[in-house]
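Notes for the one structure printed next.
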Amino acid sequence: MTVINADDLTQSIADALQYISYYHPPDFIRAMAHAYEREESTAAKAALAQVLENSRMCALGKRPICQDTGIVIVFLDVGMEVSWAGGNSLDEMINEGVRRAYLHPDNVLRGSILADPDGSRTNTRDNTPAVIHTRIVPGDKLGVEVAAKGGGSEAKAKFAILNPSDSVVDWILQMVPTMGAGWCPPGILGIGIGGSPEKAMLLAKEAMMAPIDIHDVKARGPANRAEELRLEIFEKVNALGIGAQGLGGLTTVLDVKVLEYPMHAATKPVAVIPNCTATRHVKFELDGSGPAVFEPPDLADWPDVAYRPEDVRRVNLDSVTRAETATWQAGETLLLSGRLLTGRDAAHKRLVDLIAKDAPLPVDFRDRFIYYVGPVDPVRDEVIGPAGPTTATRMDKFTRALLEHTGLLGMIGKAERGPVAIDAIRDLGAVSLIAVGGAAYLIARAITRSRQLAFEDLGMEAIYEFEVKDMPVTVSVDSRGESVHITGPEMWAREIENRIAAATVD
């Protein structure tokens, strides 16, 4: 019988969450480096360069890869011969570990978890509770897998119960384009097939945490039907041309993982969940001898990639005019310097409510840009913690009201804008820009000053004013309504189709 001390599990959870907040898994870095080396799309290659440089900076500086430090997911394999010393419950041991990790003074992590989700939506402040899945298995060890899953990729999870004769591949190829770029590709698709609805979702979540090995499978050939399915989906999804950050390119997924479970003859439950450029997970085992030890990865695994933008337009945010923004082109790279405002979901809701009441706004937005961000709190001498963009698409429903009533020049987020927002941007002569999701620490280095202006009670969703120096962005929607998230993937899908056709003829 193995006796595990409750605090050993708690401390192991805390250490694991700190570890994965700033260390990408080495297999993920190798796959990203491979994608960078083969990428031919200029915009996608620049995005990959920012992600790789950010990852190395985080590994050295021990600060979060992404400002969204995730919802904690824990898979437990509890041996039947394990007993416990101390602790109130297994869930509480884990949640205390989450508290320790997210409130760690040397590397504070952002609290993103809201209690009363359909009511007051109050932040729990310590990112608890975790989502915990427990299995009782033979043996005298405790197996643990910990992940911190970003909201942008969680929001893109898809589920369906197909007819038994329906094609899983066809369904996946229908679903991936509807995910847009908010899940920050390239990443990993976890696919669960079979069981019941909740089992398929659980399989998909578990599948995406397996090591990346798709190129090994391709080299040796598939050993079973699941591997055949992986390879087919991998090739066909990448042929969609979506590319890094949805800008169009050769790599949309780094791997595809499939787990299956027996199912009822009348159904075919299928789920797909993406993992993003902030892929964060680690496995460990406890045997009663103490907490887990996490060895730092070899920094040689990180490629020597630095993002050095060329042929860019420099923009002074303190003097930019609507006439100037009207000359910007979708897909163009800009370096922003000067003052910009921040605000995301909760702030936008309050602002449009004030507009509806014809009440004064707490901030003057005229001729300004707003950055959709919820930063991590700063530590030590930082101006602000990691401050990457959140998904712009979620602000689409607020866009016309803000543009009409505030005089905003434009917005900065990640991912595509939908038709409602694009129409408003075109009609009102505004622009929408993107910063790279998964480059939060790199972006934070461009922020030289920060002060809170309004809605302090919203925490990371409050309105700030940032002063930035050479913050890299790409024009996603120009004032004429052209969207690079439409034109980029369309162009690369045609290019890939032509290459496949040419190879077939040869």
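Chain labels A, B, ... are given in the sequence in which chains occur in the structure tokens; within each chain residues are numbered consecutively from 1, and ligands are likewise numbered from 1 in the order shown.
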Return as a PDB file with N, CA and C atoms, in the first residue's frame the full set of residues in range 90-184 of chain A whose backbone-based DSSP assignment is strand (DSSP E or B).
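Now in out_36.pdb:
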ATOM      1  N   LEU A 114     -14.851  32.308 -13.371  1.00  0.00           N
ATOM      2  CA  LEU A 114     -15.975  33.076 -12.840  1.00  0.00           C
ATOM      3  C   LEU A 114     -16.988  32.156 -12.188  1.00  0.00           C
ATOM      4  N   ALA A 115     -17.347  32.476 -10.943  1.00  0.00           N
ATOM      5  CA  ALA A 115     -18.445  31.775 -10.266  1.00  0.00           C
ATOM      6  C   ALA A 115     -19.771  32.392 -10.707  1.00  0.00           C
ATOM      7  N   THR A 122     -18.777  36.351 -11.036  1.00  0.00           N
ATOM      8  CA  THR A 122     -17.778  36.913 -10.132  1.00  0.00           C
ATOM      9  C   THR A 122     -16.478  36.126 -10.219  1.00  0.00           C
ATOM     10  N   ASN A 123     -15.371  36.838 -10.427  1.00  0.00           N
ATOM     11  CA  ASN A 123     -14.072  36.186 -10.544  1.00  0.00           C
ATOM     12  C   ASN A 123     -13.669  35.584  -9.207  1.00  0.00           C
ATOM     13  N   VAL A 131     -11.130  21.654 -13.236  1.00  0.00           N
ATOM     14  CA  VAL A 131     -12.004  20.605 -13.776  1.00  0.00           C
ATOM     15  C   VAL A 131     -11.232  19.300 -13.650  1.00  0.00           C
ATOM     16  N   ILE A 132     -11.763  18.370 -12.877  1.00  0.00           N
ATOM     17  CA  ILE A 132     -11.008  17.183 -12.471  1.00  0.00           C
ATOM     18  C   ILE A 132     -11.709  15.919 -12.949  1.00  0.00           C
ATOM     19  N   HIS A 133     -10.958  15.038 -13.589  1.00  0.00           N
ATOM     20  CA  HIS A 133     -11.460  13.749 -14.055  1.00  0.00           C
ATOM     21  C   HIS A 133     -10.658  12.651 -13.371  1.00  0.00           C
ATOM     22  N   THR A 134     -11.359  11.764 -12.675  1.00  0.00           N
ATOM     23  CA  THR A 134     -10.687  10.753 -11.852  1.00  0.00           C
ATOM     24  C   THR A 134     -11.048   9.349 -12.310  1.00  0.00           C
ATOM     25  N   ARG A 135     -10.005   8.512 -12.453  1.00  0.00           N
ATOM     26  CA  ARG A 135     -10.201   7.093 -12.754  1.00  0.00           C
ATOM     27  C   ARG A 135      -9.513   6.278 -11.663  1.00  0.00           C
ATOM     28  N   ILE A 136     -10.169   5.201 -11.246  1.00  0.00           N
ATOM     29  CA  ILE A 136      -9.557   4.254 -10.311  1.00  0.00           C
ATOM     30  C   ILE A 136      -8.976   3.111 -11.133  1.00  0.00           C
ATOM     31  N   VAL A 137      -7.668   2.883 -10.991  1.00  0.00           N
ATOM     32  CA  VAL A 137      -6.970   1.915 -11.842  1.00  0.00           C
ATOM     33  C   VAL A 137      -6.159   0.961 -10.965  1.00  0.00           C
ATOM     34  N   LEU A 142      -0.026   7.120  -8.226  1.00  0.00           N
ATOM     35  CA  LEU A 142      -0.976   8.143  -8.651  1.00  0.00           C
ATOM     36  C   LEU A 142      -0.436   8.792  -9.917  1.00  0.00           C
ATOM     37  N   GLY A 143      -1.137   8.603 -11.035  1.00  0.00           N
ATOM     38  CA  GLY A 143      -0.759   9.254 -12.288  1.00  0.00           C
ATOM     39  C   GLY A 143      -1.556  10.526 -12.467  1.00  0.00           C
ATOM     40  N   VAL A 144      -0.869  11.597 -12.847  1.00  0.00           N
ATOM     41  CA  VAL A 144      -1.512  12.913 -12.954  1.00  0.00           C
ATOM     42  C   VAL A 144      -1.113  13.563 -14.273  1.00  0.00           C
ATOM     43  N   GLU A 145      -2.082  14.091 -14.977  1.00  0.00           N
ATOM     44  CA  GLU A 145      -1.805  14.948 -16.127  1.00  0.00           C
ATOM     45  C   GLU A 145      -2.508  16.278 -15.894  1.00  0.00           C
ATOM     46  N   VAL A 146      -1.750  17.359 -15.989  1.00  0.00           N
ATOM     47  CA  VAL A 146      -2.253  18.699 -15.715  1.00  0.00           C
ATOM     48  C   VAL A 146      -2.164  19.530 -16.985  1.00  0.00           C
ATOM     49  N   ALA A 147      -3.224  20.238 -17.289  1.00  0.00           N
ATOM     50  CA  ALA A 147      -3.230  21.148 -18.436  1.00  0.00           C
ATOM     51  C   ALA A 147      -3.845  22.477 -18.019  1.00  0.00           C
ATOM     52  N   ALA A 148      -3.414  23.549 -18.661  1.00  0.00           N
ATOM     53  CA  ALA A 148      -4.035  24.861 -18.503  1.00  0.00           C
ATOM     54  C   ALA A 148      -4.545  25.259 -19.877  1.00  0.00           C
ATOM     55  N   LYS A 149      -5.847  25.253 -20.045  1.00  0.00           N
ATOM     56  CA  LYS A 149      -6.455  25.367 -21.376  1.00  0.00           C
ATOM     57  C   LYS A 149      -7.044  26.758 -21.578  1.00  0.00           C
ATOM     58  N   LYS A 158     -16.252  21.530 -30.703  1.00  0.00           N
ATOM     59  CA  LYS A 158     -17.436  21.173 -31.496  1.00  0.00           C
ATOM     60  C   LYS A 158     -17.864  19.746 -31.151  1.00  0.00           C
ATOM     61  N   PHE A 159     -19.165  19.522 -31.196  1.00  0.00           N
ATOM     62  CA  PHE A 159     -19.705  18.188 -30.911  1.00  0.00           C
ATOM     63  C   PHE A 159     -20.915  17.927 -31.797  1.00  0.00           C
ATOM     64  N   ALA A 160     -21.059  16.686 -32.201  1.00  0.00           N
ATOM     65  CA  ALA A 160     -22.255  16.273 -32.952  1.00  0.00           C
ATOM     66  C   ALA A 160     -22.468  14.779 -32.767  1.00  0.00           C
ATOM     67  N   ILE A 161     -23.696  14.364 -32.888  1.00  0.00           N
ATOM     68  CA  ILE A 161     -23.990  12.941 -33.000  1.00  0.00           C
ATOM     69  C   ILE A 161     -24.322  12.676 -34.466  1.00  0.00           C
ATOM     70  N   LEU A 162     -23.387  12.062 -35.156  1.00  0.00           N
ATOM     71  CA  LEU A 162     -23.562  11.768 -36.574  1.00  0.00           C
ATOM     72  C   LEU A 162     -24.400  10.515 -36.755  1.00  0.00           C
TER      73      LEU A 162
END
Near range 487-492 of chain A, counting only C-alpha atoms, which residues have an atom at most 8 Å away, once you skip same-chain residues fewer than 5 positions from it, shown as a PyMOL selection string?
chain A and resi 240-243+246-250+482
Convert the current residue selection to file output with C-alpha atoms, as a CSV table (one decimal), in the first residue's frame.
chain,number,residue,atom,x,y,z
A,240,LEU,CA,-7.6,24.3,-46.2
A,241,GLY,CA,-4.9,27.0,-46.2
A,242,ILE,CA,-6.0,28.6,-42.9
A,243,GLY,CA,-2.5,28.9,-41.6
A,246,GLY,CA,-5.8,32.4,-39.7
A,247,LEU,CA,-3.6,34.5,-42.0
A,248,GLY,CA,-3.3,31.9,-44.7
A,249,GLY,CA,-0.4,29.4,-45.0
A,250,LEU,CA,0.8,25.9,-45.2
A,482,GLU,CA,-11.3,43.8,-47.0
Shell around Val51 in chain A at 12 Å using only C-alpha atoms, local window under 3 positions removed, as a count of residues only
44
Can you list every residue in range 58-205 of chain A that DSSP puts in alpha helix (DSSP H), as a PDB file with N, CA, C and O atoms, in the first residue's frame?
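Saved to result-v6.pdb:
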ATOM      1  N   CYS A  58       9.822  33.437 -22.581  1.00  0.00           N
ATOM      2  CA  CYS A  58       9.102  32.966 -21.402  1.00  0.00           C
ATOM      3  C   CYS A  58       9.899  31.891 -20.663  1.00  0.00           C
ATOM      4  O   CYS A  58       9.924  31.869 -19.429  1.00  0.00           O
ATOM      5  N   ALA A  59      10.546  31.007 -21.415  1.00  0.00           N
ATOM      6  CA  ALA A  59      11.364  29.967 -20.802  1.00  0.00           C
ATOM      7  C   ALA A  59      12.518  30.576 -20.017  1.00  0.00           C
ATOM      8  O   ALA A  59      12.885  30.090 -18.930  1.00  0.00           O
ATOM      9  N   LEU A  60      13.087  31.653 -20.535  1.00  0.00           N
ATOM     10  CA  LEU A  60      14.199  32.320 -19.851  1.00  0.00           C
ATOM     11  C   LEU A  60      13.714  33.192 -18.691  1.00  0.00           C
ATOM     12  O   LEU A  60      14.333  33.230 -17.635  1.00  0.00           O
ATOM     13  N   GLY A  61      12.610  33.907 -18.916  1.00  0.00           N
ATOM     14  CA  GLY A  61      12.125  34.853 -17.915  1.00  0.00           C
ATOM     15  C   GLY A  61      11.147  34.281 -16.913  1.00  0.00           C
ATOM     16  O   GLY A  61      10.770  34.959 -15.958  1.00  0.00           O
ATOM     17  N   LEU A  90      -9.860  14.821  -2.358  1.00  0.00           N
ATOM     18  CA  LEU A  90      -8.942  14.850  -3.487  1.00  0.00           C
ATOM     19  C   LEU A  90      -9.096  16.147  -4.270  1.00  0.00           C
ATOM     20  O   LEU A  90      -8.102  16.778  -4.666  1.00  0.00           O
ATOM     21  N   ASP A  91     -10.339  16.562  -4.490  1.00  0.00           N
ATOM     22  CA  ASP A  91     -10.562  17.807  -5.228  1.00  0.00           C
ATOM     23  C   ASP A  91      -9.951  19.000  -4.499  1.00  0.00           C
ATOM     24  O   ASP A  91      -9.354  19.887  -5.126  1.00  0.00           O
ATOM     25  N   GLU A  92     -10.068  19.050  -3.184  1.00  0.00           N
ATOM     26  CA  GLU A  92      -9.535  20.179  -2.444  1.00  0.00           C
ATOM     27  C   GLU A  92      -8.006  20.184  -2.443  1.00  0.00           C
ATOM     28  O   GLU A  92      -7.371  21.241  -2.480  1.00  0.00           O
ATOM     29  N   MET A  93      -7.389  18.998  -2.414  1.00  0.00           N
ATOM     30  CA  MET A  93      -5.928  18.941  -2.531  1.00  0.00           C
ATOM     31  C   MET A  93      -5.488  19.610  -3.832  1.00  0.00           C
ATOM     32  O   MET A  93      -4.514  20.380  -3.866  1.00  0.00           O
ATOM     33  N   ILE A  94      -6.199  19.313  -4.904  1.00  0.00           N
ATOM     34  CA  ILE A  94      -5.853  19.863  -6.215  1.00  0.00           C
ATOM     35  C   ILE A  94      -6.142  21.347  -6.273  1.00  0.00           C
ATOM     36  O   ILE A  94      -5.310  22.151  -6.738  1.00  0.00           O
ATOM     37  N   ASN A  95      -7.292  21.770  -5.780  1.00  0.00           N
ATOM     38  CA  ASN A  95      -7.642  23.184  -5.843  1.00  0.00           C
ATOM     39  C   ASN A  95      -6.721  24.046  -4.991  1.00  0.00           C
ATOM     40  O   ASN A  95      -6.442  25.197  -5.352  1.00  0.00           O
ATOM     41  N   GLU A  96      -6.223  23.507  -3.890  1.00  0.00           N
ATOM     42  CA  GLU A  96      -5.242  24.256  -3.109  1.00  0.00           C
ATOM     43  C   GLU A  96      -3.951  24.421  -3.908  1.00  0.00           C
ATOM     44  O   GLU A  96      -3.292  25.463  -3.841  1.00  0.00           O
ATOM     45  N   GLY A  97      -3.599  23.407  -4.700  1.00  0.00           N
ATOM     46  CA  GLY A  97      -2.445  23.536  -5.582  1.00  0.00           C
ATOM     47  C   GLY A  97      -2.645  24.608  -6.638  1.00  0.00           C
ATOM     48  O   GLY A  97      -1.716  25.361  -6.973  1.00  0.00           O
ATOM     49  N   VAL A  98      -3.862  24.696  -7.174  1.00  0.00           N
ATOM     50  CA  VAL A  98      -4.174  25.746  -8.146  1.00  0.00           C
ATOM     51  C   VAL A  98      -4.009  27.117  -7.500  1.00  0.00           C
ATOM     52  O   VAL A  98      -3.414  28.036  -8.086  1.00  0.00           O
ATOM     53  N   ARG A  99      -4.522  27.275  -6.275  1.00  0.00           N
ATOM     54  CA  ARG A  99      -4.380  28.565  -5.572  1.00  0.00           C
ATOM     55  C   ARG A  99      -2.907  28.941  -5.426  1.00  0.00           C
ATOM     56  O   ARG A  99      -2.512  30.082  -5.680  1.00  0.00           O
ATOM     57  N   ARG A 100      -2.112  28.014  -4.967  1.00  0.00           N
ATOM     58  CA  ARG A 100      -0.684  28.301  -4.764  1.00  0.00           C
ATOM     59  C   ARG A 100      -0.020  28.726  -6.073  1.00  0.00           C
ATOM     60  O   ARG A 100       0.803  29.644  -6.096  1.00  0.00           O
ATOM     61  N   ALA A 101      -0.379  28.050  -7.140  1.00  0.00           N
ATOM     62  CA  ALA A 101       0.253  28.353  -8.428  1.00  0.00           C
ATOM     63  C   ALA A 101      -0.147  29.729  -8.942  1.00  0.00           C
ATOM     64  O   ALA A 101       0.693  30.529  -9.357  1.00  0.00           O
ATOM     65  N   TYR A 102      -1.445  30.015  -8.932  1.00  0.00           N
ATOM     66  CA  TYR A 102      -1.934  31.233  -9.559  1.00  0.00           C
ATOM     67  C   TYR A 102      -1.669  32.482  -8.728  1.00  0.00           C
ATOM     68  O   TYR A 102      -1.672  33.600  -9.252  1.00  0.00           O
ATOM     69  N   GLY A 151      -9.140  29.966 -22.988  1.00  0.00           N
ATOM     70  CA  GLY A 151     -10.544  30.127 -23.345  1.00  0.00           C
ATOM     71  C   GLY A 151     -10.779  30.266 -24.838  1.00  0.00           C
ATOM     72  O   GLY A 151     -11.815  29.851 -25.355  1.00  0.00           O
ATOM     73  N   GLY A 152      -9.816  30.849 -25.572  1.00  0.00           N
ATOM     74  CA  GLY A 152      -9.995  31.022 -27.006  1.00  0.00           C
ATOM     75  C   GLY A 152     -10.114  29.708 -27.748  1.00  0.00           C
ATOM     76  O   GLY A 152     -10.894  29.586 -28.698  1.00  0.00           O
ATOM     77  N   SER A 153      -9.346  28.706 -27.309  1.00  0.00           N
ATOM     78  CA  SER A 153      -9.442  27.399 -27.961  1.00  0.00           C
ATOM     79  C   SER A 153     -10.585  26.573 -27.384  1.00  0.00           C
ATOM     80  O   SER A 153     -11.240  25.821 -28.115  1.00  0.00           O
ATOM     81  N   GLU A 154     -10.842  26.712 -26.085  1.00  0.00           N
ATOM     82  CA  GLU A 154     -11.981  25.988 -25.496  1.00  0.00           C
ATOM     83  C   GLU A 154     -13.289  26.396 -26.170  1.00  0.00           C
ATOM     84  O   GLU A 154     -14.187  25.573 -26.365  1.00  0.00           O
ATOM     85  N   VAL A 168     -16.661  10.949 -40.526  1.00  0.00           N
ATOM     86  CA  VAL A 168     -16.024  11.802 -39.516  1.00  0.00           C
ATOM     87  C   VAL A 168     -15.137  12.844 -40.198  1.00  0.00           C
ATOM     88  O   VAL A 168     -15.107  14.013 -39.802  1.00  0.00           O
ATOM     89  N   VAL A 169     -14.417  12.429 -41.231  1.00  0.00           N
ATOM     90  CA  VAL A 169     -13.526  13.353 -41.937  1.00  0.00           C
ATOM     91  C   VAL A 169     -14.318  14.523 -42.516  1.00  0.00           C
ATOM     92  O   VAL A 169     -13.937  15.692 -42.367  1.00  0.00           O
ATOM     93  N   ASP A 170     -15.430  14.227 -43.174  1.00  0.00           N
ATOM     94  CA  ASP A 170     -16.243  15.294 -43.770  1.00  0.00           C
ATOM     95  C   ASP A 170     -16.736  16.264 -42.696  1.00  0.00           C
ATOM     96  O   ASP A 170     -16.752  17.484 -42.898  1.00  0.00           O
ATOM     97  N   TRP A 171     -17.145  15.713 -41.543  1.00  0.00           N
ATOM     98  CA  TRP A 171     -17.641  16.573 -40.463  1.00  0.00           C
ATOM     99  C   TRP A 171     -16.523  17.472 -39.921  1.00  0.00           C
ATOM    100  O   TRP A 171     -16.731  18.678 -39.718  1.00  0.00           O
ATOM    101  N   ILE A 172     -15.336  16.916 -39.729  1.00  0.00           N
ATOM    102  CA  ILE A 172     -14.205  17.718 -39.250  1.00  0.00           C
ATOM    103  C   ILE A 172     -13.882  18.839 -40.232  1.00  0.00           C
ATOM    104  O   ILE A 172     -13.643  19.994 -39.843  1.00  0.00           O
ATOM    105  N   LEU A 173     -13.889  18.528 -41.522  1.00  0.00           N
ATOM    106  CA  LEU A 173     -13.577  19.526 -42.536  1.00  0.00           C
ATOM    107  C   LEU A 173     -14.655  20.610 -42.623  1.00  0.00           C
ATOM    108  O   LEU A 173     -14.377  21.734 -43.067  1.00  0.00           O
ATOM    109  N   GLN A 174     -15.868  20.290 -42.201  1.00  0.00           N
ATOM    110  CA  GLN A 174     -16.907  21.319 -42.095  1.00  0.00           C
ATOM    111  C   GLN A 174     -16.712  22.184 -40.860  1.00  0.00           C
ATOM    112  O   GLN A 174     -16.949  23.391 -40.880  1.00  0.00           O
ATOM    113  N   MET A 175     -16.255  21.562 -39.755  1.00  0.00           N
ATOM    114  CA  MET A 175     -16.159  22.264 -38.478  1.00  0.00           C
ATOM    115  C   MET A 175     -14.951  23.196 -38.382  1.00  0.00           C
ATOM    116  O   MET A 175     -15.056  24.292 -37.832  1.00  0.00           O
ATOM    117  N   VAL A 176     -13.804  22.761 -38.886  1.00  0.00           N
ATOM    118  CA  VAL A 176     -12.577  23.545 -38.679  1.00  0.00           C
ATOM    119  C   VAL A 176     -12.694  24.966 -39.234  1.00  0.00           C
ATOM    120  O   VAL A 176     -12.319  25.930 -38.545  1.00  0.00           O
ATOM    121  N   PRO A 177     -13.224  25.175 -40.443  1.00  0.00           N
ATOM    122  CA  PRO A 177     -13.358  26.558 -40.909  1.00  0.00           C
ATOM    123  C   PRO A 177     -14.276  27.406 -40.028  1.00  0.00           C
ATOM    124  O   PRO A 177     -14.067  28.624 -39.920  1.00  0.00           O
ATOM    125  N   THR A 178     -15.258  26.781 -39.376  1.00  0.00           N
ATOM    126  CA  THR A 178     -16.153  27.553 -38.506  1.00  0.00           C
ATOM    127  C   THR A 178     -15.470  27.948 -37.196  1.00  0.00           C
ATOM    128  O   THR A 178     -15.980  28.804 -36.475  1.00  0.00           O
ATOM    129  N   PRO A 197     -22.400  11.293 -25.539  1.00  0.00           N
ATOM    130  CA  PRO A 197     -21.970  12.671 -25.781  1.00  0.00           C
ATOM    131  C   PRO A 197     -20.853  13.140 -24.855  1.00  0.00           C
ATOM    132  O   PRO A 197     -19.848  13.682 -25.315  1.00  0.00           O
ATOM    133  N   GLU A 198     -21.018  12.907 -23.534  1.00  0.00           N
ATOM    134  CA  GLU A 198     -19.986  13.396 -22.617  1.00  0.00           C
ATOM    135  C   GLU A 198     -18.686  12.613 -22.746  1.00  0.00           C
ATOM    136  O   GLU A 198     -17.592  13.153 -22.568  1.00  0.00           O
ATOM    137  N   LYS A 199     -18.780  11.329 -23.125  1.00  0.00           N
ATOM    138  CA  LYS A 199     -17.578  10.524 -23.289  1.00  0.00           C
ATOM    139  C   LYS A 199     -16.780  10.988 -24.503  1.00  0.00           C
ATOM    140  O   LYS A 199     -15.533  11.067 -24.455  1.00  0.00           O
ATOM    141  N   ALA A 200     -17.457  11.317 -25.592  1.00  0.00           N
ATOM    142  CA  ALA A 200     -16.751  11.787 -26.789  1.00  0.00           C
ATOM    143  C   ALA A 200     -15.988  13.077 -26.501  1.00  0.00           C
ATOM    144  O   ALA A 200     -14.838  13.246 -26.936  1.00  0.00           O
ATOM    145  N   MET A 201     -16.608  13.985 -25.747  1.00  0.00           N
ATOM    146  CA  MET A 201     -15.925  15.229 -25.399  1.00  0.00           C
ATOM    147  C   MET A 201     -14.713  14.961 -24.522  1.00  0.00           C
ATOM    148  O   MET A 201     -13.644  15.559 -24.697  1.00  0.00           O
ATOM    149  N   LEU A 202     -14.865  14.053 -23.575  1.00  0.00           N
ATOM    150  CA  LEU A 202     -13.756  13.723 -22.683  1.00  0.00           C
ATOM    151  C   LEU A 202     -12.610  13.068 -23.462  1.00  0.00           C
ATOM    152  O   LEU A 202     -11.432  13.363 -23.221  1.00  0.00           O
ATOM    153  N   LEU A 203     -12.942  12.186 -24.391  1.00  0.00           N
ATOM    154  CA  LEU A 203     -11.919  11.566 -25.227  1.00  0.00           C
ATOM    155  C   LEU A 203     -11.145  12.611 -26.031  1.00  0.00           C
ATOM    156  O   LEU A 203      -9.920  12.545 -26.155  1.00  0.00           O
ATOM    157  N   ALA A 204     -11.865  13.579 -26.587  1.00  0.00           N
ATOM    158  CA  ALA A 204     -11.217  14.626 -27.378  1.00  0.00           C
ATOM    159  C   ALA A 204     -10.257  15.441 -26.517  1.00  0.00           C
ATOM    160  O   ALA A 204      -9.135  15.755 -26.935  1.00  0.00           O
ATOM    161  N   LYS A 205     -10.682  15.780 -25.294  1.00  0.00           N
ATOM    162  CA  LYS A 205      -9.830  16.561 -24.390  1.00  0.00           C
ATOM    163  C   LYS A 205      -8.583  15.768 -24.011  1.00  0.00           C
ATOM    164  O   LYS A 205      -7.464  16.312 -23.976  1.00  0.00           O
TER     165      LYS A 205
END
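Going from CA of Ile233 in chain A over to CA of Gly418 in chain A, you cover 26.0 Å.
Computed from the coordinates, the CA of Asp364 in chain A to CA of Ala330 in chain A distance equals 26.9 Å.
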